[in-house]
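Listing of work33.pdb; format and content: PDB, C-alpha atoms.
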ATOM      1  CA  MET L 266      42.595  -6.787 -16.651  1.00  0.00           C
ATOM      2  CA  ASP L 267      38.929  -7.613 -16.026  1.00  0.00           C
ATOM      3  CA  ASP L 268      39.388  -7.156 -12.283  1.00  0.00           C
ATOM      4  CA  ASP L 269      40.861  -3.709 -12.903  1.00  0.00           C
ATOM      5  CA  ARG L 270      37.909  -2.766 -15.123  1.00  0.00           C
ATOM      6  CA  ARG L 271      35.452  -4.077 -12.542  1.00  0.00           C
ATOM      7  CA  ARG L 272      37.149  -2.211  -9.687  1.00  0.00           C
ATOM      8  CA  ARG L 273      37.261   0.974 -11.736  1.00  0.00           C
ATOM      9  CA  PHE L 274      33.568   0.712 -12.593  1.00  0.00           C
ATOM     10  CA  GLU L 275      32.638  -0.056  -8.983  1.00  0.00           C
ATOM     11  CA  ALA L 276      34.591   2.981  -7.777  1.00  0.00           C
ATOM     12  CA  VAL L 277      32.915   5.260 -10.331  1.00  0.00           C
ATOM     13  CA  TYR L 278      29.534   3.791  -9.415  1.00  0.00           C
ATOM     14  CA  GLN L 279      30.079   4.283  -5.673  1.00  0.00           C
ATOM     15  CA  GLN L 280      31.307   7.853  -6.127  1.00  0.00           C
ATOM     16  CA  ASN L 281      28.586   8.990  -8.531  1.00  0.00           C
ATOM     17  CA  TYR L 282      25.434   6.926  -8.016  1.00  0.00           C
ATOM     18  CA  GLU L 283      23.656   9.414  -5.732  1.00  0.00           C
ATOM     19  CA  GLN L 284      24.384  12.398  -7.983  1.00  0.00           C
ATOM     20  CA  ILE L 285      23.188  10.592 -11.111  1.00  0.00           C
ATOM     21  CA  LEU L 286      20.104   9.319  -9.277  1.00  0.00           C
ATOM     22  CA  GLY L 287      19.289  12.854  -8.114  1.00  0.00           C
ATOM     23  CA  TYR L 288      19.743  14.141 -11.654  1.00  0.00           C
ATOM     24  CA  ALA L 289      17.322  11.530 -12.996  1.00  0.00           C
ATOM     25  CA  VAL L 290      14.748  11.913 -10.200  1.00  0.00           C
ATOM     26  CA  ARG L 291      14.532  15.662 -10.775  1.00  0.00           C
ATOM     27  CA  ARG L 292      13.863  15.131 -14.479  1.00  0.00           C
ATOM     28  CA  CYS L 293      11.580  12.081 -14.569  1.00  0.00           C
ATOM     29  CA  ALA L 294       7.864  11.851 -13.914  1.00  0.00           C
ATOM     30  CA  THR L 295       8.089   8.689 -11.819  1.00  0.00           C
ATOM     31  CA  PRO L 296      10.675   6.979  -9.626  1.00  0.00           C
ATOM     32  CA  GLU L 297      10.508   3.970 -11.940  1.00  0.00           C
ATOM     33  CA  ASP L 298      11.490   6.107 -14.912  1.00  0.00           C
ATOM     34  CA  ALA L 299      14.367   7.599 -12.914  1.00  0.00           C
ATOM     35  CA  ALA L 300      15.539   4.106 -11.966  1.00  0.00           C
ATOM     36  CA  ASP L 301      15.482   3.096 -15.637  1.00  0.00           C
ATOM     37  CA  VAL L 302      17.535   6.153 -16.607  1.00  0.00           C
ATOM     38  CA  VAL L 303      20.106   5.470 -13.878  1.00  0.00           C
ATOM     39  CA  ALA L 304      20.327   1.779 -14.790  1.00  0.00           C
ATOM     40  CA  GLU L 305      20.872   2.524 -18.471  1.00  0.00           C
ATOM     41  CA  THR L 306      23.411   5.233 -17.621  1.00  0.00           C
ATOM     42  CA  PHE L 307      25.524   2.836 -15.584  1.00  0.00           C
ATOM     43  CA  ALA L 308      25.046   0.029 -18.107  1.00  0.00           C
ATOM     44  CA  THR L 309      26.547   2.359 -20.696  1.00  0.00           C
ATOM     45  CA  ALA L 310      29.364   3.210 -18.292  1.00  0.00           C
ATOM     46  CA  TRP L 311      30.085  -0.502 -17.849  1.00  0.00           C
ATOM     47  CA  ARG L 312      30.136  -1.127 -21.600  1.00  0.00           C
ATOM     48  CA  ARG L 313      32.457   1.834 -22.082  1.00  0.00           C
ATOM     49  CA  VAL L 314      34.484   1.564 -18.890  1.00  0.00           C
ATOM     50  CA  ASP L 315      37.701   1.892 -20.877  1.00  0.00           C
ATOM     51  CA  SER L 316      36.471   5.274 -22.170  1.00  0.00           C
ATOM     52  CA  LEU L 317      35.520   6.605 -18.730  1.00  0.00           C
ATOM     53  CA  PRO L 318      37.485   9.730 -17.884  1.00  0.00           C
ATOM     54  CA  ARG L 319      39.539   9.739 -14.688  1.00  0.00           C
ATOM     55  CA  GLY L 320      38.677  11.624 -11.491  1.00  0.00           C
ATOM     56  CA  ASP L 321      35.899  14.202 -11.343  1.00  0.00           C
ATOM     57  CA  GLU L 322      35.571  14.142 -15.115  1.00  0.00           C
ATOM     58  CA  ALA L 323      33.845  10.754 -14.776  1.00  0.00           C
ATOM     59  CA  ARG L 324      30.853  12.371 -13.049  1.00  0.00           C
ATOM     60  CA  LEU L 325      30.526  14.942 -15.836  1.00  0.00           C
ATOM     61  CA  TRP L 326      30.763  12.177 -18.431  1.00  0.00           C
ATOM     62  CA  LEU L 327      28.018  10.265 -16.579  1.00  0.00           C
ATOM     63  CA  TYR L 328      25.818  13.388 -16.565  1.00  0.00           C
ATOM     64  CA  GLY L 329      26.229  13.555 -20.337  1.00  0.00           C
ATOM     65  CA  VAL L 330      25.309   9.894 -20.693  1.00  0.00           C
ATOM     66  CA  ALA L 331      22.318  10.349 -18.380  1.00  0.00           C
ATOM     67  CA  ARG L 332      21.220  13.354 -20.426  1.00  0.00           C
ATOM     68  CA  ASN L 333      21.272  11.272 -23.610  1.00  0.00           C
ATOM     69  CA  VAL L 334      19.492   8.360 -21.930  1.00  0.00           C
ATOM     70  CA  LEU L 335      16.845  10.757 -20.646  1.00  0.00           C
ATOM     71  CA  ALA L 336      16.379  12.227 -24.134  1.00  0.00           C
ATOM     72  CA  ASN L 337      15.902   8.709 -25.538  1.00  0.00           C
ATOM     73  CA  HIS L 338      13.476   7.938 -22.722  1.00  0.00           C
ATOM     74  CA  ARG L 339      11.429  11.058 -23.496  1.00  0.00           C
ATOM     75  CA  ARG L 340      11.372  10.251 -27.214  1.00  0.00           C
ATOM     76  CA  GLY L 341      10.156   6.750 -26.350  1.00  0.00           C
ATOM     77  CA  GLN L 342       7.419   8.154 -24.135  1.00  0.00           C
ATOM     78  CA  ALA L 343       6.316  10.551 -26.861  1.00  0.00           C
ATOM     79  CA  HIS L 344       6.257   7.681 -29.345  1.00  0.00           C
ATOM     80  CA  ARG L 345       4.150   5.525 -26.989  1.00  0.00           C
ATOM     81  CA  GLN L 346       1.729   8.416 -26.401  1.00  0.00           C
ATOM     82  CA  SER L 347       1.453   8.927 -30.143  1.00  0.00           C
ATOM     83  CA  ARG L 348       0.758   5.218 -30.698  1.00  0.00           C
ATOM     84  CA  LEU L 349      -1.877   5.290 -27.954  1.00  0.00           C
ATOM     85  CA  ALA L 350      -3.550   8.312 -29.540  1.00  0.00           C
ATOM     86  CA  THR L 351      -3.536   6.580 -32.931  1.00  0.00           C
ATOM     87  CA  LEU L 352      -4.963   3.405 -31.459  1.00  0.00           C
ATOM     88  CA  THR L 353      -7.630   5.362 -29.596  1.00  0.00           C
ATOM     89  CA  ALA L 354      -8.572   7.126 -32.837  1.00  0.00           C
ATOM     90  CA  ASP L 355      -8.720   3.775 -34.643  1.00  0.00           C
ATOM     91  CA  ILE L 356     -11.053   2.439 -31.960  1.00  0.00           C
ATOM     92  CA  ALA L 357     -13.172   5.550 -32.346  1.00  0.00           C
ATOM     93  CA  ASP L 358     -13.397   5.064 -36.117  1.00  0.00           C
ATOM     94  CA  VAL L 359     -14.502   1.456 -35.746  1.00  0.00           C
ATOM     95  CA  TYR L 360     -17.281   2.113 -33.271  1.00  0.00           C
ATOM     96  CA  THR L 361     -18.736   5.332 -34.668  1.00  0.00           C
ATOM     97  CA  ARG L 362     -20.311   3.284 -37.459  1.00  0.00           C
ATOM     98  CA  SER L 363     -23.035   1.974 -35.143  1.00  0.00           C
ATOM     99  CA  PRO L 364     -25.815   4.198 -33.774  1.00  0.00           C
ATOM    100  CA  GLU L 365     -24.565   3.656 -30.223  1.00  0.00           C
ATOM    101  CA  GLY L 366     -20.978   3.973 -31.395  1.00  0.00           C
ATOM    102  CA  ALA L 367     -20.314   7.534 -30.279  1.00  0.00           C
ATOM    103  CA  ALA L 368     -21.119   6.787 -26.641  1.00  0.00           C
ATOM    104  CA  GLU L 369     -19.442   3.381 -26.710  1.00  0.00           C
ATOM    105  CA  ARG L 370     -16.328   4.754 -28.396  1.00  0.00           C
ATOM    106  CA  ASP L 371     -15.425   6.908 -25.420  1.00  0.00           C
ATOM    107  CA  VAL L 372     -16.060   4.092 -22.959  1.00  0.00           C
ATOM    108  CA  ILE L 373     -14.026   1.611 -24.995  1.00  0.00           C
ATOM    109  CA  ALA L 374     -11.177   4.065 -25.469  1.00  0.00           C
ATOM    110  CA  ARG L 375     -11.074   4.801 -21.726  1.00  0.00           C
ATOM    111  CA  ALA L 376     -11.213   1.105 -20.855  1.00  0.00           C
ATOM    112  CA  PHE L 377      -8.446   0.291 -23.343  1.00  0.00           C
ATOM    113  CA  ALA L 378      -6.275   3.222 -22.252  1.00  0.00           C
ATOM    114  CA  GLY L 379      -6.696   2.176 -18.616  1.00  0.00           C
ATOM    115  CA  LEU L 380      -5.174  -1.245 -19.244  1.00  0.00           C
ATOM    116  CA  PRO L 381      -1.512  -1.913 -18.489  1.00  0.00           C
ATOM    117  CA  ASP L 382       0.856  -1.435 -21.445  1.00  0.00           C
ATOM    118  CA  ALA L 383       1.426  -5.182 -21.766  1.00  0.00           C
ATOM    119  CA  ASP L 384      -2.327  -5.867 -22.008  1.00  0.00           C
ATOM    120  CA  ARG L 385      -2.819  -3.150 -24.631  1.00  0.00           C
ATOM    121  CA  GLU L 386       0.073  -4.540 -26.669  1.00  0.00           C
ATOM    122  CA  LEU L 387      -1.302  -8.099 -26.589  1.00  0.00           C
ATOM    123  CA  LEU L 388      -4.826  -7.029 -27.499  1.00  0.00           C
ATOM    124  CA  ALA L 389      -3.529  -4.798 -30.290  1.00  0.00           C
ATOM    125  CA  LEU L 390      -1.397  -7.612 -31.727  1.00  0.00           C
ATOM    126  CA  VAL L 391      -4.509  -9.797 -31.923  1.00  0.00           C
ATOM    127  CA  ALA L 392      -7.120  -7.239 -32.964  1.00  0.00           C
ATOM    128  CA  TRP L 393      -5.178  -4.818 -35.158  1.00  0.00           C
ATOM    129  CA  GLU L 394      -2.300  -6.883 -36.420  1.00  0.00           C
ATOM    130  CA  GLY L 395      -4.278 -10.109 -36.757  1.00  0.00           C
ATOM    131  CA  LEU L 396      -1.524 -12.234 -35.254  1.00  0.00           C
ATOM    132  CA  ASP L 397      -2.173 -15.701 -33.839  1.00  0.00           C
ATOM    133  CA  HIS L 398      -0.746 -17.057 -30.578  1.00  0.00           C
ATOM    134  CA  GLY L 399       2.342 -18.505 -32.262  1.00  0.00           C
ATOM    135  CA  GLN L 400       3.143 -15.266 -34.048  1.00  0.00           C
ATOM    136  CA  ILE L 401       2.637 -13.235 -30.869  1.00  0.00           C
ATOM    137  CA  ALA L 402       4.913 -15.660 -29.016  1.00  0.00           C
ATOM    138  CA  THR L 403       7.611 -14.950 -31.592  1.00  0.00           C
ATOM    139  CA  VAL L 404       7.123 -11.174 -31.418  1.00  0.00           C
ATOM    140  CA  LEU L 405       7.245 -11.109 -27.612  1.00  0.00           C
ATOM    141  CA  ASP L 406       9.830 -13.894 -27.298  1.00  0.00           C
ATOM    142  CA  ILE L 407       7.645 -15.916 -24.930  1.00  0.00           C
ATOM    143  CA  SER L 408       5.948 -19.312 -25.160  1.00  0.00           C
ATOM    144  CA  ARG L 409       2.577 -19.877 -26.853  1.00  0.00           C
ATOM    145  CA  ASN L 410       1.212 -20.941 -23.493  1.00  0.00           C
ATOM    146  CA  ALA L 411       2.358 -17.669 -21.902  1.00  0.00           C
ATOM    147  CA  VAL L 412       0.615 -15.796 -24.737  1.00  0.00           C
ATOM    148  CA  ARG L 413      -2.584 -17.750 -24.144  1.00  0.00           C
ATOM    149  CA  ILE L 414      -2.535 -17.042 -20.404  1.00  0.00           C
ATOM    150  CA  ARG L 415      -1.612 -13.367 -20.749  1.00  0.00           C
ATOM    151  CA  LEU L 416      -4.172 -12.823 -23.493  1.00  0.00           C
ATOM    152  CA  HIS L 417      -6.886 -14.468 -21.404  1.00  0.00           C
ATOM    153  CA  ARG L 418      -6.034 -12.174 -18.496  1.00  0.00           C
ATOM    154  CA  ALA L 419      -5.892  -9.079 -20.722  1.00  0.00           C
ATOM    155  CA  ARG L 420      -9.283  -9.880 -22.231  1.00  0.00           C
ATOM    156  CA  ARG L 421     -10.705 -10.457 -18.771  1.00  0.00           C
ATOM    157  CA  ARG L 422      -9.384  -7.072 -17.567  1.00  0.00           C
ATOM    158  CA  LEU L 423     -10.796  -5.330 -20.650  1.00  0.00           C
ATOM    159  CA  SER L 424     -14.139  -7.080 -20.195  1.00  0.00           C
ATOM    160  CA  GLN L 425     -14.251  -6.038 -16.550  1.00  0.00           C
ATOM    161  CA  ALA L 426     -13.468  -2.434 -17.457  1.00  0.00           C
ATOM    162  CA  LEU L 427     -16.211  -2.455 -20.102  1.00  0.00           C
ATOM    163  CA  GLU L 428     -18.731  -4.089 -17.772  1.00  0.00           C
ATOM    164  CA  ASN L 429     -18.007  -1.419 -15.190  1.00  0.00           C
ATOM    165  CA  ASP L 430     -19.329   1.019 -17.790  1.00  0.00           C
ATOM    166  CA  GLU L 431     -22.229  -1.311 -18.613  1.00  0.00           C
ATOM    167  CA  ILE L 432     -21.039  -2.399 -22.030  1.00  0.00           C
ATOM    168  CA  THR L 433     -21.168  -6.137 -22.508  1.00  0.00           C
ATOM    169  CA  ALA L 434     -17.762  -7.269 -23.589  1.00  0.00           C
ATOM    170  CA  ASP L 435     -19.016 -10.336 -25.479  1.00  0.00           C
ATOM    171  CA  ARG L 436     -20.102  -7.981 -28.282  1.00  0.00           C
ATOM    172  CA  PHE L 437     -16.440  -7.211 -28.904  1.00  0.00           C
ATOM    173  CA  ALA L 438     -14.925 -10.651 -28.323  1.00  0.00           C
ATOM    174  CA  VAL L 439     -12.319 -11.925 -30.728  1.00  0.00           C
ATOM    175  CA  GLU L 440     -12.202 -15.683 -31.158  1.00  0.00           C
ATOM    176  CA  PRO L 441      -8.946 -17.175 -29.865  1.00  0.00           C
ATOM    177  CA  THR L 442      -6.646 -18.695 -32.464  1.00  0.00           C
TER     178      THR L 442
END
Translate the structure of the given file into structure tokens.
Amino acid sequence: MDDDRRRRFEAVYQQNYEQILGYAVRRCATPEDAADVVAETFATAWRRVDSLPRGDEARLWLYGVARNVLANHRRGQAHRQSRLATLTADIADVYTRSPEGAAERDVIARAFAGLPDADRELLALVAWEGLDHGQIATVLDISRNAVRIRLHRARRRLSQALENDEITADRFAVEPT
């Protein structure tokens, strides 16, 4: 039975991959996002291979799945943008208390926003959530040592971004835990 399911999925994949990829590429901002949508679409097809319609109906079913995956992807992007805006506003609130805060706030927000998502998440878990390395390791499902290394690199990238705008990063350093 498993061989039949596998063969059926492979046939549907071969027959429909290019159409589903084209659908995703035309609707996503980046090729990476399109690849994610296609991957999740076919992962859903694999999980539900017994529910896949026969013949040309399979392609239409896959379009429907891709449409739902794309909607989830867009909601996720909107949520991430909202979180980034909130975090940027929180940074602004913290640094407007000092006389130089207004100028520094914009620089810090730009530097933070320019970091990769993973760096922003690590720094936020330390600075805003107050988590230690062990707690972050649990949240991210990685080792404490990986947290230490990634956090060191994220802090270094943030420091470099701040120094590029002539703000000394040691003023904002958080002691490692």
Decode the PyMOL selection byres ((chain L and resi 315-317) around 12) for the given file into explicit residues and return them as a short mmCIF file (atom, residue, chain, number, x, y, z; two decimals) with C-alpha atoms, in the frame of the given file.
data_model
loop_
_atom_site.label_atom_id
_atom_site.label_comp_id
_atom_site.auth_asym_id
_atom_site.auth_seq_id
_atom_site.Cartn_x
_atom_site.Cartn_y
_atom_site.Cartn_z
CA MET L 266 42.60 -6.79 -16.65
CA ASP L 267 38.93 -7.61 -16.03
CA ASP L 269 40.86 -3.71 -12.90
CA ARG L 270 37.91 -2.77 -15.12
CA ARG L 271 35.45 -4.08 -12.54
CA ARG L 272 37.15 -2.21 -9.69
CA ARG L 273 37.26 0.97 -11.74
CA PHE L 274 33.57 0.71 -12.59
CA ALA L 276 34.59 2.98 -7.78
CA VAL L 277 32.92 5.26 -10.33
CA TYR L 278 29.53 3.79 -9.41
CA PHE L 307 25.52 2.84 -15.58
CA THR L 309 26.55 2.36 -20.70
CA ALA L 310 29.36 3.21 -18.29
CA TRP L 311 30.08 -0.50 -17.85
CA ARG L 312 30.14 -1.13 -21.60
CA ARG L 313 32.46 1.83 -22.08
CA VAL L 314 34.48 1.56 -18.89
CA PRO L 318 37.48 9.73 -17.88
CA ARG L 319 39.54 9.74 -14.69
CA GLY L 320 38.68 11.62 -11.49
CA ASP L 321 35.90 14.20 -11.34
CA GLU L 322 35.57 14.14 -15.12
CA ALA L 323 33.84 10.75 -14.78
CA ARG L 324 30.85 12.37 -13.05
CA LEU L 325 30.53 14.94 -15.84
CA TRP L 326 30.76 12.18 -18.43
CA LEU L 327 28.02 10.26 -16.58
CA GLY L 329 26.23 13.56 -20.34
CA VAL L 330 25.31 9.89 -20.69
#
- Query: Hey, what's within 12 Å of Ala378 in chain L if we count all atoms listed in the file and toss same-chain stuff fewer than 3 positions away? As an MDAnalysis selection string, please?
  - Reply: chainID L and resid 345:346 348:354 356 370:375 381:386 388:389 422:423 426:427
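Near range 287-291 of chain L, within 7 Å and counting only C-alpha atoms, sit Pro296, Ala299, Val302 and Val303 of chain L, not including residues fewer than 5 positions from it in the same chain.
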Counting only C-alpha atoms, the option among L:Val404, L:His338, L:Ser347, L:Ala331 closest to Gln284 in chain L: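 Residue with the minimum atom-to-atom distance to Gln284 in chain L: L:Ala331.
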Given the file shown, determine the residues that the PyMOL selection byres ((chain L and resi 401) around 12) selects; report them as a PDB file with C-alpha atoms, keeping the file's coordinate frame.
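Result saved to expr02.pdb:
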ATOM      1  CA  GLU L 386       0.073  -4.540 -26.669  1.00  0.00           C
ATOM      2  CA  LEU L 387      -1.302  -8.099 -26.589  1.00  0.00           C
ATOM      3  CA  LEU L 388      -4.826  -7.029 -27.499  1.00  0.00           C
ATOM      4  CA  ALA L 389      -3.529  -4.798 -30.290  1.00  0.00           C
ATOM      5  CA  LEU L 390      -1.397  -7.612 -31.727  1.00  0.00           C
ATOM      6  CA  VAL L 391      -4.509  -9.797 -31.923  1.00  0.00           C
ATOM      7  CA  ALA L 392      -7.120  -7.239 -32.964  1.00  0.00           C
ATOM      8  CA  GLU L 394      -2.300  -6.883 -36.420  1.00  0.00           C
ATOM      9  CA  GLY L 395      -4.278 -10.109 -36.757  1.00  0.00           C
ATOM     10  CA  LEU L 396      -1.524 -12.234 -35.254  1.00  0.00           C
ATOM     11  CA  ASP L 397      -2.173 -15.701 -33.839  1.00  0.00           C
ATOM     12  CA  HIS L 398      -0.746 -17.057 -30.578  1.00  0.00           C
ATOM     13  CA  GLY L 399       2.342 -18.505 -32.262  1.00  0.00           C
ATOM     14  CA  GLN L 400       3.143 -15.266 -34.048  1.00  0.00           C
ATOM     15  CA  ALA L 402       4.913 -15.660 -29.016  1.00  0.00           C
ATOM     16  CA  THR L 403       7.611 -14.950 -31.592  1.00  0.00           C
ATOM     17  CA  VAL L 404       7.123 -11.174 -31.418  1.00  0.00           C
ATOM     18  CA  LEU L 405       7.245 -11.109 -27.612  1.00  0.00           C
ATOM     19  CA  ASP L 406       9.830 -13.894 -27.298  1.00  0.00           C
ATOM     20  CA  ILE L 407       7.645 -15.916 -24.930  1.00  0.00           C
ATOM     21  CA  SER L 408       5.948 -19.312 -25.160  1.00  0.00           C
ATOM     22  CA  ARG L 409       2.577 -19.877 -26.853  1.00  0.00           C
ATOM     23  CA  ASN L 410       1.212 -20.941 -23.493  1.00  0.00           C
ATOM     24  CA  ALA L 411       2.358 -17.669 -21.902  1.00  0.00           C
ATOM     25  CA  VAL L 412       0.615 -15.796 -24.737  1.00  0.00           C
ATOM     26  CA  ARG L 413      -2.584 -17.750 -24.144  1.00  0.00           C
ATOM     27  CA  ARG L 415      -1.612 -13.367 -20.749  1.00  0.00           C
ATOM     28  CA  LEU L 416      -4.172 -12.823 -23.493  1.00  0.00           C
ATOM     29  CA  THR L 442      -6.646 -18.695 -32.464  1.00  0.00           C
TER      30      THR L 442
END
Next on the checklist: If I take CA of Arg332 in chain L and CA of Glu305 in chain L, how far is one from the other in Å, to one decimal?
Outcome noted: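 We find that CA of Arg332 in chain L and CA of Glu305 in chain L lie 11.0 Å from each other.
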Query raised in the report: To one decimal place, how far is CA of Arg339 in chain L from CA of Glu275 in chain L in Å?
Result: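 Between these atoms lies a distance of 28.0 Å.
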Correct to one decimal, the distance CA of Tyr328 in chain L-CA of Asp298 in chain L is 16.2 Å
Which residue is closest to Asp430 in chain L? Choose from L:Asp268, L:Glu369, L:Asp301, L:Glu283 and count only C-alpha atoms.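 Of all the options, L:Glu369 lies closest to Asp430 in chain L.
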